[in-house]
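Here is the structure we will look at, set down as structure tokens.
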Amino acid sequence: MARLEDFDRKSGTPVERAFFNNRPLVVVLCLIVTALLGWRSADLKLNAAFEKMIPTGHPYIANYLENRKQLAGMGNALRVAVAVKDGTIFTADYLDTLRRLNDDLFLMPGVDRPYMKSLWAPAVRWSGVTEEGLDGGPVVPDDYKGTAADLEQVRLNVERSGEIGQLIAADYRSSIILVPLQERIADTGERIDYYALSERIEELRAKYQGNGIEIHVTGFAKVVGDLIDGLKQVLVFFAAAIAICTAVLYWYTRCIRSTLLVVLCSLIAVIWLLGLLPLIGYELDPYSMLVPFLVFAIGMSHGAQKMNGIMQDIGRGTHKLVAARYTFRRLFLAGLTALLADAVGFAVLMVIDIKVIQDLAVTASIGVAVLIFTNLVLLPILLSYTGVSEAVARRSLSAERADEADTAHVKHPFWAFLDLFTRPRGAAVVVVLGAVMGLGGLWVALDLKIGDTDPGAPELRPDSRYNQDNAFMVRNYAASSDVYIVMVRTPQYACAHYNTLMAVDALERELRHLPGVVTTNSLAGLAKIANAGMSEGSLKWYAVPRSQEMLNAIITRAPRELFNQNCDLLTVYAYLKDHRADTLDAVVATVEGFAARHDTGDIQFLNAAGNAGIEAATNIVVRKANREMLFLVYAAVIVLAFVTFRSWRAVVCAVVPLLITSMLCEALMVWLNIGVKVATLPVIALGVGIGVDYSLYVMTVTLARLRDGASLSEAYYQALAFTGKVVVLTGITLGIAVATWALSPIKFQADMGILLAFMFVWNMVGALVLLPALAHFLLRPAAREASVRARAA
């Protein structure tokens, strides 16, 4: 329809009329909202919280949180190792440097100061048996002056402290300052700013490192700080994605105005998202930081489809406003369903009982909701004003004439190749190949690990500063930074009873037999050492003493981290080689089995505290949520596809390629040694939610043509001509854009980029290759029946 006067403004759905008959108002309102939310986005913060990263509803974490005040320093803590390059730590210069660094760390906001430990902490004491009986005191004496005699006394005290392998390295070349952190700063009530804390740590490292001193730092707070620092480079990848998408889209359209409008509307969606988050009290964290890019990518995909439809209609001679309205009519339902599928892919993440993932789900769902307006409504309205260039219109007209020639079976070579999959032989080959690949992927995916597959912080590169520091800790300390804590609940004042300590000692023996456990520590172990010490050092007495009086004497000098004030809670420490999935699974199974055999009415062995215990609980939640999440996302996609297609056969054609891609993605994770964890868990759900877009656009046009009486080959070819070109365009473009993440210094971002690129491309291939092959067996009979009924009528 070339003349706008011939178009009925009252035609179309009420939604279409409401938007297109009030175009100026819609544009002005969007401009105002964009300005306000753009201004509001300046208040958005990037941070993380310890409790948001853990599954607070899991029984293990509930046990930890219930006893957290009595386990201060056993959750979120920094370990700062101060090492010498030459000699030992027993020099005046080293101890003076250690004291000054200890004081600086002590004064940092958010430090749980009463529970700090180092050679200079009064709570770090030695004990021993002398001619006068049991004696002890602080490792660094109160009258320390730095003389040779004082240094020799410190060496002697260290040897009697029981801290070798824990606070002091066995080779005496380094010692640790343990810095427990509060969740909120006591003075202000505000949450710790981990990025600021990490920067302060780096300032102290720069201040004290040098002149023969090296500083190594590990702990959750440092990991998060390094992540936030590295994620600021996401802006570089975001800019690269915009450049790639813009360049490819312009190459396809050769129209600068329409290309910029698609990019603009996708960026408006990102601005609206970033402005809405602070309004509802949300922050960006290291995981949700990637959501704005995903929103932009989804927006580009849908925007390209709308632009392509309008471009084709204008090429046929239709007025730009009418072309925009026609495209809105044809693709709004498919686009809405696809975006709802995207939203479902994000929303099902809410079933995971980890706040950081739930925040990601909310953030992404808001972004997708915004896209429904910016890319399905605003973009067609803007294109109804601008249209496309004359050159684009001529190219579209040429394409239209080529399509007419195709009725004489002269087809574009690539489309002709894809059309082979609608024929019996091609369809059979593809279906069999798809089944083989799916079953093969499923078989490989049986080896998929839940949790970390690498030591250190897998979120960071193996050669990162943090992982080098962690490797130093593992090499030099038996008490590694991966600590699993079992809580032993007893009646009040019964923690030092003989039967209690014997049960604890039995648990320690079982744990020490595990290959992943380096050593253990508990009140029972201390009791055995003290008993031998008070028996002239004879190893014959290296056992838990039966005398309650002896046990009472020992407990009065025991470190407080081994039991609580009421003597109704004991802690058993298992120091692990790493926190890989296999290591944690073995420890969990051992403790659970031991508890099942030895729990009584008076004694309960409770999992779990310590960073490794929290990681184990997280793995359990992730393992359970992984299958639940996939079931829910596929159930929702099937329902949405059925509402759109009204055909179970079409739903099977659209969903089976997604299912095979999911299996292959899990197989790829096994091959790349990527475990299912908090960082990677959302990828498959997102891949399904976003990947279904391709199938929806192709199947919508194919079904419409089939119901008009066209053959499957004709219907599929017309779908390729109308939406297939953009499916190929967006699939490859988005795959390339996210693949650039592989260069990120943040390992989990690189992993997500590789997996998302794989799913983007393979979902595109499935929509173009496997979907028509399945349609040959499922849709052709239905189409023939519909055609017969139409002729009979």
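Ordering of the structure tokens sets the chain letters (A, B, ...); residue numbers start at 1 within each chain; ligands are numbered from 1 in the order shown.
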*So which residues of region 388-527 of chain A fall under strand (DSSP E) by DSSP, listed as a ChimeraX atom specification?*
/A:482-489,517-521
Contact table region 284-318 of chain A vs region 38-54 of chain A, cut-off 8 Å, shortest pair per residue, only C-alpha atoms, as a tab-separated table:
residue	atom	partner	partner_atom	distance
A:Leu284	CA	A:Leu46	CA	4.7
A:Asp285	CA	A:Asn47	CA	5.2
A:Pro286	CA	A:Ala48	CA	7.2
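Taking only C-alpha atoms into account, Tyr208 (chain A) lies nearest to A:Tyr94 out of the set A:Tyr717, A:Phe414, A:Tyr94, A:Phe563.
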Students should find that CA of Asn499 (chain A) and CA of Leu606 (chain A) are spaced 17.2 Å
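Our summary of the geometry notes that CA of Asp482 (chain A) is positioned 14.9 Å from CA of Asn619 (chain A).
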Review point. Could you name the residues that touch Arg465 (chain A) at 12 Å or less, counting only C-alpha atoms, but leaving out those on the same chain fewer than 2 positions away, as a list in words?
Key: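 The neighbour list is Glu202, Ile215, His216, Val217, Thr218, Lys222, Val223, Asp226, Leu227, Gly230, Gly456, Ala457, Leu460, Arg461, Pro462, Asp463, Asn467, Gln468, Asp469, Asn470, Ala471, Phe472, Pro745 and Ile746 of chain A.
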Residues of region 43-91 of chain A that approach region 163-170 of chain A to 10 Å or less, counting only C-alpha atoms: could you list each one with the shortest pair of atoms and its distance in Å to one decimal, rows by chain and increasing residue number, as CSV?
residue,atom,partner,partner_atom,distance
A:Arg79,CA,A:Leu167,CA,9.4
A:Val80,CA,A:Leu167,CA,9.9
A:Ala81,CA,A:Leu167,CA,8.7
A:Val82,CA,A:Ile168,CA,9.8
A:Ala83,CA,A:Ala169,CA,9.2
A:Ile89,CA,A:Ile168,CA,9.1
Between CA of Arg173 (chain A) and CA of Thr147 (chain A) - distance in Å to one decimal: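 So the answer is 19.4 Å.
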Can you pull out every residue within 12 Å of region 541-552 of chain A, counting only C-alpha atoms, but drop anything in the same chain fewer than 2 positions away, and send it as number ranges by chain? A: 134, 493-506, 522-539, 554-558, 567
Check region 36-87 of chain A with DSSP on the backbone and list each residue it calls alpha helix (DSSP H), as a ChimeraX atom specification. /A:36-40,59-66
Can I get the selection written as a CSV table (one decimal), in the first residue's frame, with C-alpha atoms?
chain,number,residue,atom,x,y,z
A,36,LEU,CA,15.0,10.2,34.0
A,37,LEU,CA,16.3,6.7,34.2
A,38,GLY,CA,19.6,7.6,32.6
A,39,TRP,CA,20.1,10.2,35.3
A,40,ARG,CA,19.0,7.6,38.0
A,59,PRO,CA,20.3,-27.0,56.6
A,60,TYR,CA,24.2,-26.7,56.6
A,61,ILE,CA,24.1,-23.0,56.2
A,62,ALA,CA,21.2,-22.7,58.7
A,63,ASN,CA,23.5,-24.5,61.2
A,64,TYR,CA,26.3,-22.1,60.4
A,65,LEU,CA,24.1,-19.0,60.7
A,66,GLU,CA,22.6,-20.3,64.0
Set the distance at 6 Å and use only C-alpha atoms: which residues neighbour region 108-122 of chain A once local chain neighbours fewer than 3 positions away are removed? I'd like the list as a count of residues only. 9
Using only C-alpha atoms, find the one residue out of A:Ala341, A:Val291, A:Ala123, A:Leu264 that sits nearest to Pro559 (chain A).
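With only C-alpha atoms as the atom set, the closest residue is A:Ala123.
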